[in-house]
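*Asks:* entry02.pdb is reproduced in full below (PDB, C-alpha atoms).
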ATOM      1  CA  MET A  86       4.693 -11.310 -29.714
ATOM      2  CA  ASP A  87       3.277  -9.440 -32.760
ATOM      3  CA  ASP A  88       6.284 -10.541 -34.864
ATOM      4  CA  GLN A  89       5.536 -14.269 -34.467
ATOM      5  CA  THR A  90       5.546 -16.067 -37.812
ATOM      6  CA  CYS A  91       4.359 -19.527 -38.712
ATOM      7  CA  PRO A  92       7.306 -21.325 -40.420
ATOM      8  CA  LYS A  93       4.951 -23.192 -42.774
ATOM      9  CA  CYS A  94       2.426 -20.632 -44.087
ATOM     10  CA  LYS A  95       4.484 -17.502 -43.156
ATOM     11  CA  THR A  96       1.457 -15.879 -41.521
ATOM     12  CA  THR A  97       2.355 -13.321 -38.833
ATOM     13  CA  LYS A  98       0.584 -12.364 -35.650
ATOM     14  CA  TYR A  99       0.482  -8.776 -36.913
ATOM     15  CA  ARG A 100      -1.489  -9.710 -40.034
ATOM     16  CA  ASN A 101      -3.749 -12.192 -38.240
ATOM     17  CA  PRO A 102      -4.235 -11.176 -34.578
ATOM     18  CA  ASN A 103      -6.414 -14.264 -33.982
ATOM     19  CA  MET A 104      -3.623 -16.644 -34.984
ATOM     20  CA  VAL A 105      -2.852 -19.271 -32.304
ATOM     21  CA  MET A 106       0.618 -20.811 -32.231
ATOM     22  CA  LEU A 107       0.958 -24.436 -31.113
ATOM     23  CA  VAL A 108       4.113 -26.269 -30.066
ATOM     24  CA  ASN A 109       4.948 -29.986 -29.757
ATOM     25  CA  ALA A 110       7.681 -32.102 -28.166
ATOM     26  CA  CYS A 111      10.301 -31.096 -30.727
ATOM     27  CA  GLY A 112       9.984 -27.442 -29.745
ATOM     28  CA  HIS A 113       9.030 -26.065 -33.184
ATOM     29  CA  ALA A 114       5.890 -23.944 -33.406
ATOM     30  CA  LEU A 115       3.123 -24.083 -36.002
ATOM     31  CA  CYS A 116      -0.089 -22.135 -36.370
ATOM     32  CA  GLU A 117      -3.373 -23.865 -35.620
ATOM     33  CA  SER A 118      -4.431 -23.917 -39.281
ATOM     34  CA  CYS A 119      -1.224 -25.643 -40.373
ATOM     35  CA  VAL A 120      -1.546 -28.221 -37.581
ATOM     36  CA  GLU A 121      -5.069 -29.109 -38.719
ATOM     37  CA  LEU A 122      -3.865 -29.349 -42.330
ATOM     38  CA  LEU A 123      -0.626 -31.335 -41.799
ATOM     39  CA  PHE A 124      -1.872 -33.591 -39.008
ATOM     40  CA  SER A 125      -5.382 -34.293 -40.295
ATOM     41  CA  LYS A 126      -4.730 -38.066 -40.026
ATOM     42  CA  GLY A 127      -3.616 -37.797 -36.381
ATOM     43  CA  SER A 128       0.149 -37.979 -36.948
ATOM     44  CA  GLY A 129       2.806 -36.520 -39.199
ATOM     45  CA  ALA A 130       6.315 -35.080 -39.386
ATOM     46  CA  CYS A 131       7.521 -31.682 -38.210
ATOM     47  CA  PRO A 132       8.138 -29.391 -41.247
ATOM     48  CA  GLU A 133      11.478 -28.223 -39.796
ATOM     49  CA  CYS A 134      13.135 -31.219 -38.104
ATOM     50  CA  LYS A 135      11.101 -34.057 -39.724
ATOM     51  CA  CYS A 136      10.483 -35.506 -36.249
ATOM     52  CA  PRO A 137       7.380 -37.758 -36.080
ATOM     53  CA  LEU A 138       4.664 -36.065 -34.045
ATOM     54  CA  ARG A 139       1.101 -36.703 -32.972
ATOM     55  CA  ARG A 140      -1.650 -34.147 -33.221
ATOM     56  CA  ASN A 141      -2.867 -34.777 -29.656
ATOM     57  CA  ASN A 142       0.513 -33.682 -28.239
ATOM     58  CA  PHE A 143       0.257 -30.126 -29.597
ATOM     59  CA  ARG A 144      -0.323 -27.439 -26.962
ATOM     60  CA  ILE A 145      -0.681 -23.654 -27.018
ATOM     61  CA  GLN A 146       2.607 -21.764 -27.046
ATOM     62  CA  LEU A 147       2.921 -19.812 -23.788
ATOM     63  CA  PHE A 148       6.319 -18.154 -24.236
ATOM     64  CA  GLU A 149       7.701 -16.025 -27.030
ATOM     65  CA  ASP A 150      10.544 -18.502 -27.602
ATOM     66  CA  PRO A 151       9.156 -22.009 -28.356
ATOM     67  CA  ALA A 152      12.368 -23.515 -26.937
ATOM     68  CA  VAL A 153      11.247 -22.365 -23.487
ATOM     69  CA  ASP A 154       7.979 -24.259 -23.916
ATOM     70  CA  LYS A 155       9.992 -27.318 -24.907
ATOM     71  CA  GLU A 156      12.194 -27.070 -21.818
ATOM     72  CA  VAL A 157       9.189 -26.599 -19.503
ATOM     73  CA  ASP A 158       7.476 -29.673 -20.962
ATOM     74  CA  ILE A 159      10.622 -31.813 -20.681
ATOM     75  CA  ARG A 160      11.323 -30.621 -17.138
ATOM     76  CA  LYS A 161       7.779 -31.533 -16.020
ATOM     77  CA  ARG A 162       8.050 -34.972 -17.641
ATOM     78  CA  ILE A 163      11.480 -35.773 -16.156
ATOM     79  CA  LEU A 164      10.753 -34.485 -12.652
ATOM     80  CA  LYS A 165       7.635 -36.646 -12.565
ATOM     81  CA  GLU A 166       9.948 -39.704 -12.699
ATOM     82  CA  PHE A 167      13.056 -38.316 -10.954
ATOM     83  CA  ASN A 168      11.204 -37.289  -7.781
ATOM     84  CA  LYS A 169      13.593 -38.441  -5.075
ATOM     85  CA  ARG A 170      13.986 -36.260  -1.985
ATOM     86  CA  GLN A 171      16.850 -35.487   0.322
ATOM     87  CA  GLU A 172      15.538 -38.018   2.853
ATOM     88  CA  ASP A 173      16.146 -40.793   0.292
ATOM     89  CA  PHE A 174      19.940 -40.227   0.332
ATOM     90  CA  PRO A 175      22.380 -40.923   3.159
ATOM     91  CA  THR A 176      24.467 -37.786   2.563
ATOM     92  CA  LEU A 177      23.897 -34.331   1.137
ATOM     93  CA  ARG A 178      26.667 -34.866  -1.402
ATOM     94  CA  GLU A 179      24.848 -37.802  -2.981
ATOM     95  CA  TYR A 180      21.630 -35.769  -3.154
ATOM     96  CA  ASN A 181      23.468 -32.919  -4.907
ATOM     97  CA  ASP A 182      25.010 -35.378  -7.385
ATOM     98  CA  TYR A 183      21.530 -36.723  -8.095
ATOM     99  CA  LEU A 184      20.187 -33.197  -8.778
ATOM    100  CA  GLU A 185      23.127 -32.501 -11.083
ATOM    101  CA  GLU A 186      22.439 -35.732 -12.989
ATOM    102  CA  VAL A 187      18.779 -34.705 -13.431
ATOM    103  CA  GLU A 188      19.799 -31.300 -14.816
ATOM    104  CA  THR A 189      22.214 -32.991 -17.216
ATOM    105  CA  ILE A 190      19.417 -35.228 -18.523
ATOM    106  CA  ILE A 191      17.117 -32.236 -19.025
ATOM    107  CA  PHE A 192      19.884 -30.308 -20.811
ATOM    108  CA  ASN A 193      20.596 -33.212 -23.192
ATOM    109  CA  LEU A 194      16.910 -33.602 -24.080
ATOM    110  CA  VAL A 195      16.360 -29.872 -24.612
ATOM    111  CA  PHE A 196      19.371 -29.405 -26.914
ATOM    112  CA  ASP A 197      19.252 -32.916 -28.489
ATOM    113  CA  ASN A 198      22.644 -33.961 -27.130
ATOM    114  CA  ASP A 199      23.204 -37.759 -27.054
ATOM    115  CA  THR A 200      19.464 -38.421 -26.844
ATOM    116  CA  THR A 201      19.866 -42.191 -27.377
ATOM    117  CA  ASN A 202      22.018 -42.782 -24.300
ATOM    118  CA  THR A 203      19.967 -40.263 -22.318
ATOM    119  CA  ASN A 204      16.720 -42.122 -23.044
ATOM    120  CA  LYS A 205      18.409 -45.429 -22.101
ATOM    121  CA  MET A 206      19.487 -43.865 -18.808
ATOM    122  CA  ILE A 207      15.908 -42.751 -18.145
ATOM    123  CA  ASP A 208      14.532 -46.221 -18.892
ATOM    124  CA  ASN A 209      17.082 -47.894 -16.573
ATOM    125  CA  TYR A 210      16.254 -45.432 -13.822
ATOM    126  CA  LYS A 211      12.514 -46.161 -14.163
ATOM    127  CA  LYS A 212      13.092 -49.890 -13.820
ATOM    128  CA  GLU A 213      15.490 -49.630 -10.855
ATOM    129  CA  ASN A 214      13.549 -46.996  -8.876
ATOM    130  CA  LYS A 215       9.953 -47.879  -9.703
ATOM    131  CA  ASP A 216       8.907 -48.411  -6.067
ATOM    132  CA  ILE A 217      10.550 -45.233  -4.755
ATOM    133  CA  THR A 218       9.059 -43.211  -7.617
ATOM    134  CA  MET A 219       5.520 -44.432  -6.885
ATOM    135  CA  LYS A 220       5.998 -43.874  -3.150
ATOM    136  CA  ASN A 221       7.187 -40.279  -3.598
ATOM    137  CA  ARG A 222       4.441 -39.635  -6.161
ATOM    138  CA  ASN A 223       1.771 -40.767  -3.688
ATOM    139  CA  ARG A 224       3.388 -38.720  -0.929
ATOM    140  CA  GLN A 225       3.440 -35.662  -3.164
ATOM    141  CA  SER A 226      -0.227 -36.086  -4.108
ATOM    142  CA  GLN A 227      -1.111 -36.471  -0.427
ATOM    143  CA  GLU A 228       0.746 -33.270   0.421
ATOM    144  CA  GLU A 229      -1.064 -31.440  -2.388
ATOM    145  CA  ILE A 230      -4.411 -32.669  -1.044
ATOM    146  CA  GLU A 231      -3.514 -31.509   2.467
ATOM    147  CA  LEU A 232      -2.415 -28.128   1.112
ATOM    148  CA  GLU A 233      -5.687 -27.724  -0.774
ATOM    149  CA  GLU A 234      -7.616 -28.615   2.380
ATOM    150  CA  LEU A 235      -5.674 -26.012   4.356
ATOM    151  CA  ILE A 236      -6.380 -23.384   1.705
ATOM    152  CA  GLU A 237     -10.104 -24.229   1.671
ATOM    153  CA  ALA A 238     -10.246 -24.111   5.485
ATOM    154  CA  GLU A 239      -8.519 -20.734   5.496
ATOM    155  CA  LYS A 240     -10.934 -19.386   2.890
ATOM    156  CA  ALA A 241     -13.909 -20.629   4.914
ATOM    157  CA  GLN A 242     -12.509 -19.038   8.068
ATOM    158  CA  GLN A 243     -11.944 -15.715   6.309
ATOM    159  CA  SER A 244     -15.465 -15.820   4.854
ATOM    160  CA  GLU A 245     -16.913 -16.531   8.298
ATOM    161  CA  LYS A 246     -14.972 -13.634   9.812
ATOM    162  CA  ALA A 247     -16.146 -11.318   7.036
ATOM    163  CA  ASN A 248     -19.774 -12.345   7.583
ATOM    164  CA  LEU A 249     -19.450 -11.804  11.342
ATOM    165  CA  TYR A 250     -17.941  -8.385  10.744
ATOM    166  CA  VAL A 251     -20.704  -7.372   8.321
ATOM    167  CA  ASN A 252     -23.421  -8.611  10.690
ATOM    168  CA  ALA A 253     -21.823  -6.763  13.609
ATOM    169  CA  GLU A 254     -21.678  -3.535  11.585
ATOM    170  CA  LEU A 255     -25.330  -3.866  10.581
ATOM    171  CA  GLU A 256     -26.356  -4.546  14.173
ATOM    172  CA  GLU A 257     -24.347  -1.569  15.388
ATOM    173  CA  LYS A 258     -26.007   0.702  12.815
ATOM    174  CA  LYS A 259     -29.440  -0.557  13.873
ATOM    175  CA  GLN A 260     -28.687   0.087  17.543
ATOM    176  CA  LYS A 261     -27.433   3.598  16.788
ATOM    177  CA  HIS A 262     -30.494   4.324  14.654
ATOM    178  CA  LYS A 263     -32.843   3.114  17.413
ATOM    179  CA  ALA A 264     -30.988   5.151  20.039
ATOM    180  CA  ARG A 265     -31.163   8.257  17.858
ATOM    181  CA  GLU A 266     -34.899   7.839  17.301
ATOM    182  CA  LYS A 267     -35.419   7.271  21.015
ATOM    183  CA  LEU A 268     -33.481  10.444  21.829
ATOM    184  CA  ILE A 269     -35.519  12.490  19.344
ATOM    185  CA  ASP A 270     -38.808  11.139  20.739
ATOM    186  CA  GLU A 271     -37.787  11.940  24.313
ATOM    187  CA  LEU A 272     -36.719  15.458  23.364
ATOM    188  CA  MET A 273     -40.009  16.047  21.541
ATOM    189  CA  PHE A 274     -42.546  14.530  23.924
ATOM    190  CA  SER A 275     -40.838  14.325  27.330
ATOM    191  CA  ASP A 276     -41.249  17.037  29.971
ATOM    192  CA  ALA A 277     -37.794  16.402  31.446
ATOM    193  CA  ASP A 278     -34.789  18.683  31.034
ATOM    194  CA  ALA A 279     -33.054  18.405  27.642
ATOM    195  CA  LYS A 280     -29.588  18.258  29.228
ATOM    196  CA  SER A 281     -30.529  15.321  31.443
ATOM    197  CA  ILE A 282     -32.057  13.484  28.469
ATOM    198  CA  VAL A 283     -28.879  13.973  26.409
ATOM    199  CA  ALA A 284     -26.703  12.883  29.346
ATOM    200  CA  SER A 285     -28.697   9.675  29.821
ATOM    201  CA  HIS A 286     -28.479   9.009  26.092
ATOM    202  CA  VAL A 287     -24.669   9.376  26.203
ATOM    203  CA  GLN A 288     -24.441   6.948  29.136
ATOM    204  CA  ALA A 289     -26.629   4.383  27.359
ATOM    205  CA  THR A 290     -24.533   4.641  24.194
ATOM    206  CA  ALA A 291     -21.298   4.131  26.165
ATOM    207  CA  ALA A 292     -22.740   1.065  27.944
ATOM    208  CA  LEU A 293     -23.854  -0.385  24.602
ATOM    209  CA  ALA A 294     -20.367   0.134  23.158
ATOM    210  CA  LYS A 295     -18.851  -1.815  26.079
ATOM    211  CA  GLU A 296     -21.285  -4.707  25.655
ATOM    212  CA  GLN A 297     -20.604  -5.191  21.926
ATOM    213  CA  PRO A 298     -17.063  -6.670  22.304
ATOM    214  CA  LYS A 299     -18.380  -9.177  24.896
ATOM    215  CA  ALA A 300     -21.141 -10.265  22.548
ATOM    216  CA  ALA A 301     -18.598 -10.670  19.735
ATOM    217  CA  VAL A 302     -16.415 -12.908  21.916
ATOM    218  CA  GLN A 303     -19.410 -15.057  22.846
ATOM    219  CA  ALA A 304     -20.365 -15.361  19.170
ATOM    220  CA  GLY A 305     -17.009 -16.856  18.255
ATOM    221  CA  GLY A 306     -14.220 -14.385  18.830
ATOM    222  CA  PRO A 307     -13.689 -10.664  18.463
ATOM    223  CA  VAL A 308     -14.888  -9.363  15.142
ATOM    224  CA  VAL A 309     -11.923  -7.497  13.754
ATOM    225  CA  LYS A 310     -10.498  -7.081  10.306
ATOM    226  CA  SER A 311      -7.539  -9.332   9.526
ATOM    227  CA  SER A 312      -4.225  -7.476   9.904
ATOM    228  CA  LYS A 313      -2.067 -10.161   8.267
ATOM    229  CA  PHE A 314      -2.093 -12.241   5.115
ATOM    230  CA  SER A 315      -2.044 -16.031   5.321
ATOM    231  CA  SER A 316       1.725 -15.896   4.684
ATOM    232  CA  GLY A 317       2.229 -13.744   7.795
ATOM    233  CA  ILE A 318       2.962 -10.477   5.956
ATOM    234  CA  GLN A 319       1.482  -7.435   7.661
ATOM    235  CA  ILE A 320      -1.330  -5.753   5.752
ATOM    236  CA  GLY A 321      -0.736  -2.068   5.054
ATOM    237  CA  LEU A 322       2.928  -2.118   6.075
ATOM    238  CA  ARG A 323       3.565   1.215   4.401
ATOM    239  CA  GLN A 324       1.449   3.645   6.302
ATOM    240  CA  ASN A 325       1.338   7.390   6.187
ATOM    241  CA  THR A 326       3.547   8.657   8.994
ATOM    242  CA  SER A 327       2.653  12.337   8.589
ATOM    243  CA  SER A 328       1.122  13.822  11.697
ATOM    244  CA  PHE A 329      -1.552  16.491  11.793
ATOM    245  CA  LEU A 330      -2.533  18.918  14.493
ATOM    246  CA  PRO A 331      -5.618  17.925  16.471
ATOM    247  CA  ILE A 332      -8.840  19.643  15.520
ATOM    248  CA  PRO A 333      -9.826  22.087  18.284
ATOM    249  CA  LYS A 334     -13.052  21.399  20.075
ATOM    250  CA  GLN A 335     -15.998  23.652  19.410
ATOM    251  CA  GLU A 336     -16.239  24.615  23.085
ATOM    252  CA  ASP A 337     -12.672  25.994  23.126
ATOM    253  CA  LEU A 338     -13.325  28.482  20.308
ATOM    254  CA  PRO A 339     -14.452  32.021  21.303
ATOM    255  CA  LEU A 340     -17.987  33.021  20.379
ATOM    256  CA  PHE A 341     -18.501  35.543  17.597
ATOM    257  CA  HIS A 342     -19.520  39.066  18.622
ATOM    258  CA  TYR A 343     -20.669  41.469  15.945
ATOM    259  CA  SER A 344     -19.223  44.970  15.931
ATOM    260  CA  ALA A 345     -20.460  47.570  13.482
ATOM    261  CA  PRO A 346     -17.832  48.900  11.007
ATOM    262  CA  VAL A 347     -16.517  52.429  11.559
ATOM    263  CA  PHE A 348     -16.113  54.736   8.519
ATOM    264  CA  ASP A 349     -13.938  57.857   8.682
ATOM    265  CA  TYR A 350     -15.200  60.347   6.082
ATOM    266  CA  ASP A 351     -13.430  63.492   7.387
ATOM    267  CA  GLY A 352     -16.747  65.244   6.856
ATOM    268  CA  PRO A 353     -20.477  64.720   7.194
ATOM    269  CA  SER A 354     -21.543  61.073   7.116
ATOM    270  CA  PRO A 355     -23.866  59.827   4.346
ATOM    271  CA  PRO A 356     -27.482  59.099   5.306
ATOM    272  CA  ALA A 357     -28.271  55.696   6.846
ATOM    273  CA  ILE A 358     -29.597  52.930   4.637
ATOM    274  CA  ALA A 359     -32.896  52.841   6.486
ATOM    275  CA  VAL A 360     -33.821  56.468   5.515
ATOM    276  CA  LEU A 361     -32.682  56.439   1.883
ATOM    277  CA  GLY A 362     -36.168  55.595   0.623
ATOM    278  CA  LYS A 363     -37.799  58.366   2.673
ATOM    279  CA  LEU A 364     -35.263  60.928   1.376
ATOM    280  CA  ASN A 365     -36.032  59.836  -2.215
ATOM    281  CA  TYR A 366     -32.446  58.731  -2.950
ATOM    282  CA  CYS A 367     -33.669  55.543  -4.662
ATOM    283  CA  ALA A 368     -35.885  57.287  -7.189
ATOM    284  CA  ASN A 369     -33.380  56.997 -10.068
ATOM    285  CA  ILE A 370     -32.123  53.464  -9.169
ATOM    286  CA  ARG A 371     -33.485  50.302 -10.743
ATOM    287  CA  ALA A 372     -35.704  48.390  -8.336
ATOM    288  CA  ALA A 373     -34.552  44.879  -7.356
ATOM    289  CA  ASN A 374     -36.509  42.035  -8.947
ATOM    290  CA  VAL A 375     -37.920  38.997  -7.160
ATOM    291  CA  THR A 376     -34.824  36.840  -7.751
ATOM    292  CA  GLU A 377     -32.481  39.493  -6.364
ATOM    293  CA  ARG A 378     -34.654  40.052  -3.306
ATOM    294  CA  ALA A 379     -34.659  36.321  -2.644
ATOM    295  CA  GLY A 380     -30.864  36.533  -2.317
ATOM    296  CA  GLY A 381     -31.084  39.440   0.125
ATOM    297  CA  TYR A 382     -30.335  42.271  -2.298
ATOM    298  CA  THR A 383     -32.267  45.550  -2.357
ATOM    299  CA  GLU A 384     -31.805  48.761  -4.307
ATOM    300  CA  ALA A 385     -30.984  50.563  -1.035
ATOM    301  CA  LEU A 386     -27.740  48.565  -0.767
ATOM    302  CA  SER A 387     -26.341  49.839  -4.056
ATOM    303  CA  CYS A 388     -27.493  53.342  -3.278
ATOM    304  CA  CYS A 389     -25.820  53.322   0.161
ATOM    305  CA  ARG A 390     -22.567  51.944  -1.282
ATOM    306  CA  ALA A 391     -22.513  54.631  -4.005
ATOM    307  CA  LEU A 392     -22.986  57.400  -1.402
ATOM    308  CA  GLN A 393     -20.240  55.974   0.832
ATOM    309  CA  GLU A 394     -17.766  55.793  -2.065
ATOM    310  CA  ALA A 395     -18.687  59.304  -3.223
ATOM    311  CA  MET A 396     -18.264  60.928   0.205
ATOM    312  CA  GLY A 397     -15.229  58.878   1.266
ATOM    313  CA  GLY A 398     -12.673  61.131  -0.492
ATOM    314  CA  LEU A 399     -14.787  64.248  -0.964
ATOM    315  CA  PHE A 400     -13.572  66.265   2.026
ATOM    316  CA  TYR A 401      -9.984  67.334   2.759
ATOM    317  CA  SER A 402      -8.696  67.110   6.342
ATOM    318  CA  PRO A 403      -5.637  69.296   6.988
ATOM    319  CA  GLN A 404      -4.924  67.520  10.312
ATOM    320  CA  SER A 405      -4.561  64.095   8.748
ATOM    321  CA  SER A 406      -2.486  65.610   5.905
ATOM    322  CA  HIS A 407      -0.207  67.320   8.436
ATOM    323  CA  LYS A 408       0.277  64.060  10.321
ATOM    324  CA  THR A 409       1.170  62.278   7.096
ATOM    325  CA  THR A 410       3.744  64.960   6.234
ATOM    326  CA  ILE A 411       5.410  64.673   9.675
ATOM    327  CA  VAL A 412       5.635  60.886   9.448
ATOM    328  CA  ALA A 413       7.174  61.099   5.946
ATOM    329  CA  ALA A 414       9.740  63.659   7.141
ATOM    330  CA  GLN A 415      10.738  61.482  10.093
ATOM    331  CA  GLU A 416      11.254  58.488   7.800
ATOM    332  CA  THR A 417      13.435  60.615   5.463
ATOM    333  CA  ASP A 418      15.603  61.792   8.411
ATOM    334  CA  ASP A 419      16.031  58.219   9.612
ATOM    335  CA  MET A 420      17.155  57.076   6.159
ATOM    336  CA  GLU A 421      19.698  59.950   5.891
ATOM    337  CA  THR A 422      21.062  59.141   9.352
ATOM    338  CA  THR A 423      21.501  55.507   8.401
TER     339      THR A 423
END
Represent the supplied structure as structure tokens.

*Replies:*
Amino acid sequence: MDDQTCPKCKTTKYRNPNMVMLVNACGHALCESCVELLFSKGSGACPECKCPLRRNNFRIQLFEDPAVDKEVDIRKRILKEFNKRQEDFPTLREYNDYLEEVETIIFNLVFDNDTTNTNKMIDNYKKENKDITMKNRNRQSQEEIELEELIEAEKAQQSEKANLYVNAELEEKKQKHKAREKLIDELMFSDADAKSIVASHVQATAALAKEQPKAAVQAGGPVVKSSKFSSGIQIGLRQNTSSFLPIPKQEDLPLFHYSAPVFDYDGPSPPAIAVLGKLNYCANIRAANVTERAGGYTEALSCCRALQEAMGGLFYSPQSSHKTTIVAAQETDDMETT
């Protein structure tokens, strides 16, 4: 709507972002400044169609096309008078003819077609159907009041359920916290077996979990989150259907057993890390500082790794070389046979 232009002062929404467009019964829009200037005495004529207008009837333009605002205003005004229902007609055909007549009246008023006869028709209808119009208007207002009461009751019920759910969660957290503190105290100060204490704690927790739904029912129904909207639509209808493998229990996993690594040097093994300092191997290596020692590093580690890398390929083993040659020859024969 940045290209909106006031037909009187030619100001655009792009140049003045704070400009407010107003529309009246004729359907032509004017900016707020022009309305205050032209209708300072309370009434005046439209600059485009010269239709007499009142300043109090101007309203903010809601749609980009002011003709849509005009149609909405006329439709509200006509349907307030032509408010008959299907129960007021003996046949469905007569009710459909009545609806078609109402749409014809709205069309004539929106596009200014035969407005004189159309207004006479509206006046005659008001006089002939005054009682039915008032009756249906009162019935409609009563239905709106009942609908508002239903909405307020539903909101109160949802608020009560939410409060019950929050209170139940807080109570459950308190009970779990108390049970945890009780378990810790018994493990610290009791002389009984730890396994029996933990088992009794598990039984008490399970019994408490069974009692909570009963208490919720006694308090006014089970405290559960609503799974449906007030219209009946299921909440969270699109759910993730992807399945995942169950997480294995900790008891089913095998325990870790440490086995020392085996190094094949094809020669004498380097000295162990524990005797490097005694053999004066670390004399020419920078000593580890306090920060490095805090992380578990010592100068003996780097010295041991350097010796292992140096002696790993230092010695030649003819047996391993011979085995490698035989394996390579067998692979070559297999490829030639293929």

*Asks:* Closest to A:Pro151 among A:Thr290, A:Asn168, A:Ser281, A:Gln89, using all atoms listed in the file?

*Replies:*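 Under the stated criterion, the closest residue is A:Gln89.
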
*Asks:* Give me, please, the distance in Å between atom CA of A:Leu107 and atom CA of A:Arg144, quoted to one decimal.

*Replies:*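 A separation of 5.3 Å between them.
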
*Asks:* Using the chain letters and numbers from this file, what does the PyMOL selection byres ((chain A and resi 115) around 8) select? Give the answer as a ChimeraX atom specification.

*Replies:* /A:91-93,106-108,113-114,116-117,119-120

*Asks:* Translate the PyMOL selection byres ((chain A and resi 216-225) around 8) into a concrete residue list for this structure, as a ChimeraX atom specification.

*Replies:* /A:165-169,211,214-215,226-229

*Asks:* So how far away is atom CA of A:Ile163 from atom CA of A:Ile207, in Å?

*Replies:*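 Separation between atom CA of A:Ile207 and atom CA of A:Ile163: 8.5 Å.
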
*Asks:* Starting from the PyMOL selection byres ((chain A and resi 143) around 8), expand the selection into actual residues of this file and give them as a list of chain:residue names.

*Replies:*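 Output from the PyMOL selection byres ((chain A and resi 143) around 8), applied to this file: A:Leu107, A:Val108, A:Asn109, A:Ala110, A:Arg139, A:Arg140, A:Asn141, A:Asn142, A:Arg144, A:Ile145.
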
*Asks:* By how many Å are atom CA of A:Asp150 and atom CA of A:Leu123 apart?

*Replies:*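 Straight-line distance from atom CA of A:Asp150 to atom CA of A:Leu123 works out to 22.2 Å.
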
*Asks:* Extract, using all atoms listed in the file, all DNA, RNA and protein residues at most 12 Å from A:Ile269, discarding same-chain residues fewer than 5 positions from it, and format them as JSON, numbers by chain.

*Replies:* {"A": [262, 263, 264, 274, 275, 279, 282, 283, 286]}

*Asks:* Name the closest residue to A:Asp154 among the candidates A:Glu188, A:Leu255, A:Val195, A:Cys134; distances are taken between atoms, counting only C-alpha atoms.

*Replies:*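 Among A:Glu188, A:Leu255, A:Val195, A:Cys134, it is A:Val195 that comes nearest to A:Asp154.
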
*Asks:* Could you pull the residues within 12 Å of A:Phe348, counting all atoms listed in the file, minus those fewer than 2 positions along the same chain, as a PyMOL selection string?

*Replies:* chain A and resi 345-346+350-355+393-394+396-398
